[in-house]
Each structure stands twice: as structure tokens, then as C-alpha cells.
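Colleague: Got query-v5.json for you, JSON, C-alpha atoms:
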```
[["chain", "number", "residue", "atom", "x", "y", "z"],
["A", 1, "MET", "CA", -119.76, -114.29, 99.28],
["A", 2, "ILE", "CA", -117.65, -116.92, 97.53],
["A", 3, "ASP", "CA", -114.91, -115.94, 95.07],
["A", 4, "VAL", "CA", -113.76, -118.27, 92.30],
["A", 5, "GLU", "CA", -110.50, -117.88, 90.37],
["A", 6, "VAL", "CA", -109.11, -120.15, 87.67],
["A", 7, "SER", "CA", -105.47, -120.64, 86.70],
["A", 8, "SER", "CA", -106.35, -120.07, 83.03],
["A", 9, "SER", "CA", -109.42, -118.75, 81.25],
["A", 10, "ASP", "CA", -108.66, -121.00, 78.26],
["A", 11, "VAL", "CA", -107.57, -124.61, 78.66],
["A", 12, "ALA", "CA", -106.10, -126.11, 75.48],
["A", 13, "ILE", "CA", -106.19, -129.87, 75.13],
["A", 14, "GLU", "CA", -104.89, -132.33, 72.56],
["A", 15, "PRO", "CA", -107.34, -135.20, 72.06],
["A", 16, "GLY", "CA", -106.13, -138.34, 73.83],
["A", 17, "LYS", "CA", -104.04, -136.35, 76.33],
["A", 18, "THR", "CA", -104.76, -134.68, 79.66],
["A", 19, "ALA", "CA", -104.93, -131.01, 80.64],
["A", 20, "GLN", "CA", -105.54, -129.49, 84.04],
["A", 21, "LEU", "CA", -107.09, -126.40, 85.55],
["A", 22, "ASP", "CA", -106.55, -125.13, 89.09],
["A", 23, "ILE", "CA", -109.55, -123.54, 90.82],
["A", 24, "THR", "CA", -108.96, -121.27, 93.83],
["A", 25, "ILE", "CA", -111.99, -120.69, 96.05],
["A", 26, "THR", "CA", -112.05, -117.99, 98.69],
["A", 27, "ASN", "CA", -114.70, -118.05, 101.42],
["A", 28, "ARG", "CA", -115.57, -114.39, 102.13],
["A", 29, "GLN", "CA", -118.46, -115.34, 104.41],
["A", 30, "ASP", "CA", -118.50, -115.13, 108.19],
["A", 31, "ILE", "CA", -119.03, -118.89, 108.56],
["A", 32, "GLU", "CA", -117.13, -122.06, 107.75],
["A", 33, "ASP", "CA", -118.68, -123.63, 104.65],
["A", 34, "ASN", "CA", -118.46, -126.88, 102.76],
["A", 35, "ILE", "CA", -118.20, -125.65, 99.19],
["A", 36, "ALA", "CA", -119.11, -127.93, 96.29],
["A", 37, "ILE", "CA", -117.43, -127.42, 92.90],
["A", 38, "GLU", "CA", -119.40, -127.95, 89.70],
["A", 39, "ILE", "CA", -118.44, -127.74, 86.02],
["A", 40, "GLU", "CA", -121.30, -126.73, 83.75],
["A", 41, "GLY", "CA", -121.61, -126.61, 79.97],
["A", 42, "ILE", "CA", -119.37, -129.44, 78.80],
["A", 43, "ASP", "CA", -119.75, -133.22, 78.65],
["A", 44, "VAL", "CA", -119.29, -134.84, 82.07],
["A", 45, "GLU", "CA", -117.05, -137.49, 80.46],
["A", 46, "TRP", "CA", -114.54, -134.81, 79.47],
["A", 47, "TYR", "CA", -113.42, -133.96, 83.00],
["A", 48, "ALA", "CA", -112.81, -135.32, 86.48],
["A", 49, "LEU", "CA", -112.95, -133.53, 89.83],
["A", 50, "PRO", "CA", -110.82, -135.63, 92.21],
["A", 51, "VAL", "CA", -111.92, -133.41, 95.14],
["A", 52, "PRO", "CA", -115.48, -132.21, 94.40],
["A", 53, "SER", "CA", -115.91, -130.21, 97.62],
["A", 54, "LEU", "CA", -113.78, -128.28, 100.09],
["A", 55, "THR", "CA", -114.37, -127.16, 103.67],
["A", 56, "ILE", "CA", -113.11, -123.60, 103.92],
["A", 57, "GLN", "CA", -112.81, -121.35, 106.98],
["A", 58, "PRO", "CA", -114.00, -117.71, 106.80],
["A", 59, "GLY", "CA", -111.53, -115.55, 104.88],
["A", 60, "GLU", "CA", -109.45, -118.54, 103.73],
["A", 61, "SER", "CA", -108.71, -119.87, 100.24],
["A", 62, "ARG", "CA", -108.24, -123.42, 98.99],
["A", 63, "THR", "CA", -107.38, -124.85, 95.61],
["A", 64, "ALA", "CA", -108.89, -127.79, 93.75],
["A", 65, "ARG", "CA", -107.86, -129.29, 90.43],
["A", 66, "VAL", "CA", -109.94, -130.28, 87.41],
["A", 67, "LEU", "CA", -108.47, -132.85, 85.01],
["A", 68, "PHE", "CA", -109.66, -132.70, 81.40],
["A", 69, "ARG", "CA", -109.44, -135.57, 78.94],
["A", 70, "VAL", "CA", -111.21, -135.90, 75.60],
["A", 71, "GLY", "CA", -111.06, -138.95, 73.36],
["A", 72, "ARG", "CA", -108.94, -139.02, 70.21],
["A", 73, "SER", "CA", -111.84, -139.68, 67.89],
["A", 74, "SER", "CA", -113.98, -137.93, 65.31],
["A", 75, "ASP", "CA", -116.79, -137.71, 67.89],
["A", 76, "VAL", "CA", -115.12, -134.74, 69.58],
["A", 77, "ALA", "CA", -114.92, -131.93, 67.03],
["A", 78, "ALA", "CA", -112.05, -129.47, 67.20],
["A", 79, "GLY", "CA", -113.14, -126.10, 68.54],
["A", 80, "THR", "CA", -113.78, -123.96, 71.59],
["A", 81, "TYR", "CA", -116.23, -125.07, 74.27],
["A", 82, "PRO", "CA", -117.28, -122.50, 76.90],
["A", 83, "PHE", "CA", -118.03, -123.72, 80.42],
["A", 84, "LEU", "CA", -118.67, -122.39, 83.90],
["A", 85, "VAL", "CA", -116.91, -123.20, 87.16],
["A", 86, "ARG", "CA", -119.47, -122.88, 89.93],
["A", 87, "ALA", "CA", -118.71, -123.01, 93.68],
["A", 88, "ARG", "CA", -121.77, -123.52, 95.87],
["A", 89, "GLY", "CA", -121.82, -123.19, 99.64],
["A", 90, "MET", "CA", -123.63, -126.21, 101.07],
["A", 91, "GLU", "CA", -124.33, -124.42, 104.36],
["A", 92, "SER", "CA", -125.16, -120.93, 103.15],
["A", 93, "GLY", "CA", -126.37, -121.48, 99.58],
["A", 94, "GLU", "CA", -123.99, -118.73, 98.36],
["A", 95, "THR", "CA", -122.45, -119.26, 94.92],
["A", 96, "GLY", "CA", -119.47, -118.00, 92.98],
["A", 97, "VAL", "CA", -119.09, -118.43, 89.22],
["A", 98, "GLN", "CA", -116.15, -118.11, 86.84],
["A", 99, "PRO", "CA", -116.40, -118.61, 83.03],
["A", 100, "ALA", "CA", -113.67, -120.39, 81.07],
["A", 101, "THR", "CA", -113.23, -122.24, 77.77],
["A", 102, "LEU", "CA", -111.88, -125.61, 76.75],
["A", 103, "THR", "CA", -110.14, -125.56, 73.37],
["A", 104, "VAL", "CA", -109.94, -128.97, 71.68],
["A", 105, "LYS", "CA", -107.03, -128.99, 69.25],
["A", 106, "PRO", "CA", -107.50, -130.45, 65.77],
["A", 107, "PHE", "CA", -105.86, -133.66, 64.59],
["A", 108, "SER", "CA", -105.86, -135.49, 61.27],
["A", 109, "ALA", "CA", -106.32, -139.21, 60.67],
["A", 110, "LEU", "CA", -107.33, -140.63, 57.31],
["A", 111, "GLN", "CA", -108.14, -144.13, 56.12],
["A", 112, "LEU", "CA", -107.99, -145.07, 52.44],
["A", 113, "GLU", "CA", -109.46, -148.22, 50.88],
["A", 114, "LEU", "CA", -109.36, -149.37, 47.27],
["A", 115, "GLU", "CA", -111.85, -151.79, 45.77],
["A", 116, "PRO", "CA", -111.12, -154.02, 43.94],
["A", 117, "LYS", "CA", -107.52, -154.63, 44.94],
["A", 118, "ARG", "CA", -106.71, -156.03, 41.53],
["A", 119, "ALA", "CA", -108.21, -155.49, 38.07],
["A", 120, "THR", "CA", -107.49, -156.53, 34.50],
["A", 121, "SER", "CA", -107.21, -154.37, 31.41],
["A", 122, "THR", "CA", -107.97, -156.16, 28.13],
["A", 123, "LEU", "CA", -108.37, -155.23, 24.48],
["A", 124, "PHE", "CA", -112.13, -154.89, 24.97],
["A", 125, "TYR", "CA", -112.09, -153.55, 28.57],
["A", 126, "ARG", "CA", -109.14, -151.19, 28.70],
["A", 127, "ALA", "CA", -110.03, -148.99, 31.67],
["A", 128, "PRO", "CA", -111.11, -150.81, 34.82],
["A", 129, "VAL", "CA", -112.91, -148.75, 37.47],
["A", 130, "PHE", "CA", -111.81, -148.67, 41.11],
["A", 131, "ASP", "CA", -113.73, -147.32, 44.10],
["A", 132, "VAL", "CA", -111.54, -145.15, 46.32],
["A", 133, "ARG", "CA", -113.12, -144.85, 49.79],
["A", 134, "ILE", "CA", -111.74, -142.13, 52.07],
["A", 135, "THR", "CA", -112.73, -142.05, 55.76],
["A", 136, "ASN", "CA", -111.94, -139.09, 58.00],
["A", 137, "LEU", "CA", -111.03, -140.44, 61.44],
["A", 138, "GLY", "CA", -109.84, -137.01, 62.61],
["A", 139, "ASN", "CA", -111.81, -134.33, 64.45],
["A", 140, "ARG", "CA", -111.90, -131.60, 61.81],
["A", 141, "GLU", "CA", -113.22, -131.29, 58.26],
["A", 142, "GLU", "CA", -110.62, -132.17, 55.65],
["A", 143, "THR", "CA", -110.36, -130.97, 52.05],
["A", 144, "LEU", "CA", -108.25, -133.51, 50.14],
["A", 145, "ASP", "CA", -106.62, -133.75, 46.72],
["A", 146, "LEU", "CA", -106.43, -137.19, 45.11],
["A", 147, "PHE", "CA", -103.46, -138.54, 43.17],
["A", 148, "ALA", "CA", -102.51, -141.89, 41.64],
["A", 149, "GLY", "CA", -99.39, -143.16, 39.92],
["A", 150, "ASP", "CA", -97.08, -146.06, 39.20],
["A", 151, "ASP", "CA", -93.27, -146.15, 39.14],
["A", 152, "GLU", "CA", -93.05, -146.85, 35.42],
["A", 153, "ASN", "CA", -95.69, -144.29, 34.42],
["A", 154, "TYR", "CA", -97.39, -147.07, 32.47],
["A", 155, "CYS", "CA", -101.00, -146.08, 33.19],
["A", 156, "ALA", "CA", -103.13, -142.96, 33.09],
["A", 157, "TYR", "CA", -105.38, -142.34, 36.09],
["A", 158, "GLU", "CA", -108.53, -140.28, 36.17],
["A", 159, "PHE", "CA", -110.70, -139.56, 39.17],
["A", 160, "GLU", "CA", -114.39, -138.80, 39.12],
["A", 161, "ARG", "CA", -113.43, -135.79, 41.31],
["A", 162, "ASP", "CA", -109.87, -134.62, 42.01],
["A", 163, "ARG", "CA", -110.78, -132.89, 45.30],
["A", 164, "VAL", "CA", -113.17, -133.92, 48.06],
["A", 165, "THR", "CA", -114.24, -132.53, 51.44],
["A", 166, "VAL", "CA", -114.87, -135.06, 54.22],
["A", 167, "ARG", "CA", -116.45, -134.14, 57.55],
["A", 168, "PRO", "CA", -115.18, -135.70, 60.82],
["A", 169, "GLY", "CA", -116.30, -139.33, 61.01],
["A", 170, "GLY", "CA", -117.56, -139.20, 57.42],
["A", 171, "SER", "CA", -116.65, -141.19, 54.32],
["A", 172, "VAL", "CA", -116.56, -140.35, 50.63],
["A", 173, "THR", "CA", -116.24, -142.80, 47.73],
["A", 174, "VAL", "CA", -114.74, -141.58, 44.46],
["A", 175, "GLN", "CA", -114.44, -143.67, 41.31],
["A", 176, "MET", "CA", -111.08, -143.87, 39.59],
["A", 177, "VAL", "CA", -110.26, -145.18, 36.13],
["A", 178, "ALA", "CA", -106.83, -146.72, 35.47],
["A", 179, "GLU", "CA", -105.96, -147.17, 31.80],
["A", 180, "PRO", "CA", -102.71, -148.45, 30.26],
["A", 181, "LYS", "CA", -101.10, -145.89, 27.93],
["A", 182, "SER", "CA", -100.14, -148.54, 25.36],
["A", 183, "ARG", "CA", -101.78, -151.80, 24.30],
["A", 184, "PRO", "CA", -100.03, -155.01, 25.31],
["A", 185, "ILE", "CA", -99.05, -157.52, 22.66],
["A", 186, "ILE", "CA", -101.76, -160.14, 22.26],
["A", 187, "GLY", "CA", -101.05, -163.09, 24.52],
["A", 188, "SER", "CA", -98.69, -161.23, 26.81],
["A", 189, "SER", "CA", -99.51, -159.78, 30.20],
["A", 190, "ARG", "CA", -97.80, -157.50, 32.68],
["A", 191, "LEU", "CA", -98.50, -156.70, 36.29],
["A", 192, "PHE", "CA", -98.28, -153.08, 37.45],
["A", 193, "GLN", "CA", -98.47, -151.78, 40.96],
["A", 194, "PHE", "CA", -99.85, -148.30, 41.56],
["A", 195, "SER", "CA", -100.59, -146.20, 44.58],
["A", 196, "VAL", "CA", -103.39, -143.81, 45.42],
["A", 197, "THR", "CA", -102.63, -140.85, 47.69],
["A", 198, "VAL", "CA", -104.83, -138.23, 49.33]]
```
Rewrite the coordinates I just gave you, this time as C-alpha cells.

Modeller:
Amino acid sequence: MIDVEVSSSDVAIEPGKTAQLDITITNRQDIEDNIAIEIEGIDVEWYALPVPSLTIQPGESRTARVLFRVGRSSDVAAGTYPFLVRARGMESGETGVQPATLTVKPFSALQLELEPKRATSTLFYRAPVFDVRITNLGNREETLDLFAGDDENYCAYEFERDRVTVRPGGSVTVQMVAEPKSRPIIGSSRLFQFSVTV
């Protein structure tokens, strides 16, 4: 019989960083065995086993370490991922199994683009339309409120939608109208800077 114990049943990891799990294997057989360690149920790129097998005498215990690392990208969704730690005796064929979970913590990262970067309001075309493109580079779904404004409060801003939900790795484009609150004197022009915030 082979016993498997883990230092924690739930390993929490922040994307882009490293977490570790200690595995203690006890050989309760009557023979020395070369015991291979396997991780099942999660992506093989998420972990490393520096020492994938241990030779253990009867009645003795040895410890191995698993290093976890997941990328800081929208490809790895925040959440809980169950996995199994399996120890298999290469001589005897005996196995020991211990369940655990890997919890990937959420993070937020947003990208905002405005097109065009510059527009003109005239007597006949007072309210130019901008495309606001929001990309979610984080690993969880985001519900976002949209705002726009300028320091002098010269323009009124109206979004096609004031609130959007963007899945991890997804993009949403919302149209925005920017309209001056008062008409400029014919022949004169003014330049106004505004910002869009989500």
C-alpha cells in the first residue's frame, strides 16, 4: 500500500506567480519501490515536478514538491480546478491517490481604444460619432460602466450603452456621440480634449 499526503488540499495561485505543494509519500509495502508521481486533471503546462519519482524503503516516507505556475493572460480563467496526485509503484504496481484543487485568483486588465482620435463638430454635423473599443485582458468577466467628460464641461456625451459585460479575452465596441453644448461663432474654432473611462 502507498499513502499520499499533500501539504494543502487547496493551492491558491496568482496568475504570473508561482505556488508550491509538498507531497509526502509513505511506502507501506514490504519491498523497496521506485514510486512515480503523477498530476492528473490539470494542464501539464501549469505545473512542474522537479523530482518525478522517489525510491522509498519499506515503512519510510519521502517528500516531493510540485511547482505551479499559470500565465497572466485571459486564457486561464479564474476559478477552481480539481486535480489528483497519484503515486504509482513501478515495482509493485500499487497506487495511492490524493485529491486537491488549484484555485486561480482573478485579476483585471482592460484596454480602451477610441476611433477616431480626433473629430470635428460643425453647424451641419454637430455630433460626431466615436467607436469606443474595450478589450478584457483579465481572466474574469467584467461588467463595466462607461463615462466621458472634459475639464470645461463644454460637450455632452452619450453612449449607445452605458454598461457592458466583457468576457475574458473578449472585446466590445460601443458608439459614443460627443456634442458641443453651445454653437461656436461662425469662423471660430476651439479644440477640446475629453477622456473616456470604464

Colleague: From the set A:Ile25, A:Ala12, A:Leu191, A:Val198, which residue has the shortest atom-to-atom contact distance to A:Val132, counting only C-alpha atoms?

Modeller: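 Using only C-alpha atoms, A:Val132 sits closest to A:Val198.
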
Colleague: Rank nothing, just name the residue among A:Ala178, A:Ala109, A:Val76, A:Leu114 nearest to A:Val166, using all atoms listed in the file.

Modeller: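 The answer is A:Ala109, which sits nearest to A:Val166.
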
Colleague: Looking at only C-alpha atoms, which of A:Thr165, A:Gln175, A:Gln57, A:Gln111 is the one that sits closest to A:Asp145?

Modeller: A:Thr165

Colleague: Rank A:Gly41, A:Ile23, A:Glu152, A:Gln193 by their smallest atom-to-atom distance to A:Ala64, using all atoms listed in the file, and report the top residue only.

Modeller: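 Ranking A:Gly41, A:Ile23, A:Glu152, A:Gln193 by distance to A:Ala64, first place goes to A:Ile23.
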
Colleague: Could you check which of A:Gln20, A:Thr26, A:Ser108, A:Thr173 is closest to A:Arg140, using only C-alpha atoms?

Modeller: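 That would be A:Ser108, the residue with the smallest distance to A:Arg140.
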
Colleague: Just give me the gap between atom CA of A:Ile35 and atom CA of A:Val66 in Å, one decimal is fine.

Modeller: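 Computing the Euclidean distance for atom CA of A:Ile35 and atom CA of A:Val66 yields 15.1 Å.
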
Colleague: Distance atom CA of A:Arg72-atom CA of A:Val85, one decimal place?

Modeller: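 Distance between the two atoms: 24.5 Å.
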
Colleague: Report the distance between atom CA of A:Gly89 and atom CA of A:Thr24 in Å, rounded to one decimal place.

Modeller: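 Going from atom CA of A:Gly89 over to atom CA of A:Thr24 covers 14.2 Å.
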
Colleague: Would you mind telling me which residue in A:Val97, A:Leu137, A:Val51, A:Val129 lies nearest to A:Val174 when using all atoms listed in the file?

Modeller: A:Val129

Colleague: When you look at A:Thr63 with a cut-off of 12 Å (counting only C-alpha atoms), what residues show up, excluding the ones that are within fewer than 5 positions of it in the same chain? I need them as a CSV table (one decimal) with C-alpha atoms, in the coordinates of the input.

Modeller:
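Everything below was put into result_37.csv:
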```csv
chain,number,residue,atom,x,y,z
A,3,ASP,CA,-114.9,-115.9,95.1
A,4,VAL,CA,-113.8,-118.3,92.3
A,5,GLU,CA,-110.5,-117.9,90.4
A,6,VAL,CA,-109.1,-120.2,87.7
A,7,SER,CA,-105.5,-120.6,86.7
A,21,LEU,CA,-107.1,-126.4,85.6
A,22,ASP,CA,-106.6,-125.1,89.1
A,23,ILE,CA,-109.6,-123.5,90.8
A,24,THR,CA,-109.0,-121.3,93.8
A,25,ILE,CA,-112.0,-120.7,96.0
A,26,THR,CA,-112.0,-118.0,98.7
A,27,ASN,CA,-114.7,-118.0,101.4
A,35,ILE,CA,-118.2,-125.6,99.2
A,37,ILE,CA,-117.4,-127.4,92.9
A,49,LEU,CA,-113.0,-133.5,89.8
A,50,PRO,CA,-110.8,-135.6,92.2
A,51,VAL,CA,-111.9,-133.4,95.1
A,52,PRO,CA,-115.5,-132.2,94.4
A,53,SER,CA,-115.9,-130.2,97.6
A,54,LEU,CA,-113.8,-128.3,100.1
A,55,THR,CA,-114.4,-127.2,103.7
A,56,ILE,CA,-113.1,-123.6,103.9
A,87,ALA,CA,-118.7,-123.0,93.7
```
